[in-house]
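Enquirer: This is the structure, below, for whatever I ask next.
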Amino acid sequence: MRKGQVPRAGDLGSKTEVNNAPTQERILAAAEELFADAGYEGTSIRQIALKAGVPVALIGYHFGGKLGVYRRVFESHAPTLIAERRAGLALAALEQDPDRRLAAIVKAVLVPMLGLRSAEGRQSLGRLLAREVSDPRSVERGIIQDLLDPIAAAVTDLLGATLPGRSAAEIHWAYQMMIGTMTFIMVDAGRIQRISGGACDPEDVDATIRHVLPLVLDGFRNGRVTNTE
C-alpha cells in the first residue's frame, strides 16, 4: 500500500493487526478511555485511531463510525453490569422483611456501579456511564434507553411492590435521587476527599456504601409527599 493511501476493506489484513491485542479490542479500549475523559462530542475518530495504533479507516470498517464504536463500548460491558444488578434484585425479591428487601434493592443498584471506581481496568467505564447518563444529547444516541431502561423498570417495579401505597411519582423520584447520588459519586474527581480532609474516599466502595446506604434508605422510607392543599 502506498504511503498516505486509505486502506480498502480487502487491504485490512494481518499487517494492520501488529499489536498483541486483536484490532477491535484495541480500538474499543482506546475509545473507552478517550470517551470517558472527553465525552462523545469531545472525542474524534482520529484520536481513537491514534491511541489504538490503527488506520482511521479501520474504525469505520469494524464499527461503521464513531457512534458505532461508542455504542459497542457500552454493549461490551453492559450485559455484565445488568446481570449483576438483576442478580441483586433476585436476592432482594426473596427477602420477606420490607426493610431488608429495600436495603437489598438499593445495594443491587449502587454496588455494581460504585465498584467500577476501584475495579482494575474498569474505571473508565464507570466515568463513561456517568457521562452518558447526564449528557443532554444521550437521548439521540438511544444507548441508555436500549440498554439500561429495562433494568430501571425492574428496579422501580420491585420498589413499588416493597413500598405499597407510594405513588408512581414518589417511586420514580426516589429512584432518580438514588441514581443521581450514584452518578455524582462516579464522576467525583477528588473533591469529596479534599473538602472532607480525607475522611471520604469514593475508591473505598465498602465505606462509601456504609455511609451512603442509610441516607438513601432514609429518603425512601420518609420521602412522602405531603398534601398541603
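Numbering starts fresh at 1 for the residues of each chain in the C-alpha cells, the chains themselves are lettered A, B, ... in the order given, and ligands are numbered from 1 as they appear.
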May I have the residues within 12 Å of Thr43 of chain A as a PyMOL selection string, using only C-alpha atoms and disregarding those fewer than 5 positions away in the same chain?
Expert: chain A and resi 30-38+48-51+66-67+69-70
Enquirer: Print the selection's residues with C-alpha atoms to a file, as a PDB file, in the first residue's frame.
Expert:
ATOM      1  CA  ALA A  30      -8.719   3.245  23.343  1.00  0.00           C
ATOM      2  CA  ALA A  31     -12.213   4.565  22.627  1.00  0.00           C
ATOM      3  CA  GLU A  32     -13.461   3.775  26.123  1.00  0.00           C
ATOM      4  CA  GLU A  33     -10.671   5.749  27.769  1.00  0.00           C
ATOM      5  CA  LEU A  34     -10.962   8.712  25.409  1.00  0.00           C
ATOM      6  CA  PHE A  35     -14.755   8.889  25.599  1.00  0.00           C
ATOM      7  CA  ALA A  36     -14.582   8.690  29.403  1.00  0.00           C
ATOM      8  CA  ASP A  37     -12.126  11.594  29.522  1.00  0.00           C
ATOM      9  CA  ALA A  38     -13.623  13.895  26.874  1.00  0.00           C
ATOM     10  CA  ILE A  48      -9.181   6.888  18.739  1.00  0.00           C
ATOM     11  CA  ALA A  49      -7.188   5.564  15.781  1.00  0.00           C
ATOM     12  CA  LEU A  50      -4.006   7.243  17.015  1.00  0.00           C
ATOM     13  CA  LYS A  51      -4.359   5.871  20.534  1.00  0.00           C
ATOM     14  CA  LYS A  66     -17.779   6.991  15.868  1.00  0.00           C
ATOM     15  CA  LEU A  67     -21.312   6.250  17.034  1.00  0.00           C
ATOM     16  CA  VAL A  69     -17.672   2.245  18.275  1.00  0.00           C
ATOM     17  CA  TYR A  70     -19.246   4.312  21.077  1.00  0.00           C
TER      18      TYR A  70
END
Enquirer: Could you name the residues that touch segment 162-170 of chain A at 8 Å or less, counting only C-alpha atoms, but leaving out those on the same chain fewer than 3 positions away, as a ChimeraX atom specification?
Expert: /A:98,101-102,158-159,173-174,223-225
Enquirer: Based on the selection just made, write N, CA and C atoms of those residues as a PDB file, in the first residue's frame.
Expert:
ATOM      1  N   PRO A  98     -39.741  -6.117  54.606  1.00  0.00           N
ATOM      2  CA  PRO A  98     -39.676  -4.974  53.679  1.00  0.00           C
ATOM      3  C   PRO A  98     -38.432  -4.114  53.849  1.00  0.00           C
ATOM      4  N   ARG A 101     -35.546  -5.968  52.377  1.00  0.00           N
ATOM      5  CA  ARG A 101     -35.695  -6.005  50.920  1.00  0.00           C
ATOM      6  C   ARG A 101     -35.320  -4.655  50.313  1.00  0.00           C
ATOM      7  N   LEU A 102     -35.756  -3.565  50.928  1.00  0.00           N
ATOM      8  CA  LEU A 102     -35.437  -2.241  50.422  1.00  0.00           C
ATOM      9  C   LEU A 102     -33.929  -2.011  50.400  1.00  0.00           C
ATOM     10  N   LEU A 158     -39.985  -3.364  41.551  1.00  0.00           N
ATOM     11  CA  LEU A 158     -39.753  -4.010  42.851  1.00  0.00           C
ATOM     12  C   LEU A 158     -39.850  -3.000  43.982  1.00  0.00           C
ATOM     13  N   LEU A 159     -39.410  -1.771  43.731  1.00  0.00           N
ATOM     14  CA  LEU A 159     -39.572  -0.726  44.745  1.00  0.00           C
ATOM     15  C   LEU A 159     -41.046  -0.466  45.026  1.00  0.00           C
ATOM     16  N   TRP A 173     -39.228   9.366  41.531  1.00  0.00           N
ATOM     17  CA  TRP A 173     -38.351  10.427  42.007  1.00  0.00           C
ATOM     18  C   TRP A 173     -37.336   9.884  43.002  1.00  0.00           C
ATOM     19  N   ALA A 174     -37.752   8.944  43.811  1.00  0.00           N
ATOM     20  CA  ALA A 174     -36.808   8.323  44.750  1.00  0.00           C
ATOM     21  C   ALA A 174     -35.722   7.563  43.982  1.00  0.00           C
ATOM     22  N   GLY A 223     -39.540   9.818  52.479  1.00  0.00           N
ATOM     23  CA  GLY A 223     -39.769  10.820  51.431  1.00  0.00           C
ATOM     24  C   GLY A 223     -41.175  10.813  50.887  1.00  0.00           C
ATOM     25  N   ARG A 224     -42.127  10.984  51.762  1.00  0.00           N
ATOM     26  CA  ARG A 224     -43.523  11.053  51.349  1.00  0.00           C
ATOM     27  C   ARG A 224     -43.904  12.468  50.954  1.00  0.00           C
ATOM     28  N   VAL A 225     -44.752  12.565  49.947  1.00  0.00           N
ATOM     29  CA  VAL A 225     -45.253  13.867  49.519  1.00  0.00           C
ATOM     30  C   VAL A 225     -46.406  14.265  50.443  1.00  0.00           C
TER      31      VAL A 225
END
Enquirer: Of the candidates A:Ala161, A:Ala52, A:Val139, A:Ala189, which one gets nearest to Gln96 of chain A if we count only C-alpha atoms?
Expert: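 So, comparing all the options, the nearest one is A:Ala161.
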Enquirer: Please compute the atom CA of Ser196 of chain A-atom CA of Leu114 of chain A distance, one decimal, in Å.
Expert: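 Taking atom CA of Ser196 of chain A and atom CA of Leu114 of chain A, their separation equals 19.1 Å.
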Enquirer: List the spatial neighbours of segment 85-88 of chain A as a list in words - criterion: any atom at most 10 Å away, only C-alpha atoms, same-chain residues fewer than 4 positions off excluded.
Expert: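 Everything that qualifies: Pro79, Thr80, Leu81, Ala92, Ala93, Ala104, Ile105, Val106, Lys107, Ala108, Val109, Leu110, Val111, Pro112, Met113, Ile151, Ala152, Ala154 and Val155 of chain A.
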Enquirer: Point out the residue among A:Gln193, A:Glu84, A:Thr156, A:Asp188 with the least atom-to-atom distance to Tyr175 of chain A, counting only C-alpha atoms.
Expert: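 Ranking A:Gln193, A:Glu84, A:Thr156, A:Asp188 by distance to Tyr175 of chain A, first place goes to A:Thr156.
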Enquirer: What are the DSSP helix (DSSP H, G or I) residues of chain A, as an MDAnalysis selection string?
Expert: chainID A and resid 9:11 14:16 23:38 45:52 56:63 66:94 98:117 123:134 138:141 143:147 149:162 168:187 191:195 205:222
Enquirer: By how many Å are atom CA of Asn222 of chain A and atom CA of Arg100 of chain A apart?
Expert: 15.7 Å
Enquirer: Do you know which residues are at most 9 Å from His77 of chain A counting only C-alpha atoms, after dropping those on the same chain fewer than 5 positions away, and could you put them as a list in words?
Expert: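 Surrounding residues, per the criterion: Arg72, Ile82 and Leu125 of chain A.
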Enquirer: What is the atom CA of Val205 of chain A to atom CA of Gly115 of chain A distance in Å?
Expert: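 Going from atom CA of Val205 of chain A over to atom CA of Gly115 of chain A covers 6.1 Å.
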Enquirer: Smallest atom-to-atom distance to Asp146 of chain A: which of A:Met186, A:Ala199, A:Arg71, A:Ile209, using only C-alpha atoms?
Expert: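 With only C-alpha atoms as the atom set, the closest residue is A:Arg71.
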Enquirer: Can you work out which one of A:Val133, A:Ile144, A:Ala103, A:Ala83 has the shortest atom-to-atom distance to Arg221 of chain A, counting only C-alpha atoms?
Expert: A:Ala103
Enquirer: Can you work out which one of A:Thr181, A:Phe74, A:Gly53, A:Leu28 has the shortest atom-to-atom distance to Arg141 of chain A, counting only C-alpha atoms?
Expert: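 Using only C-alpha atoms, Arg141 of chain A sits closest to A:Phe74.
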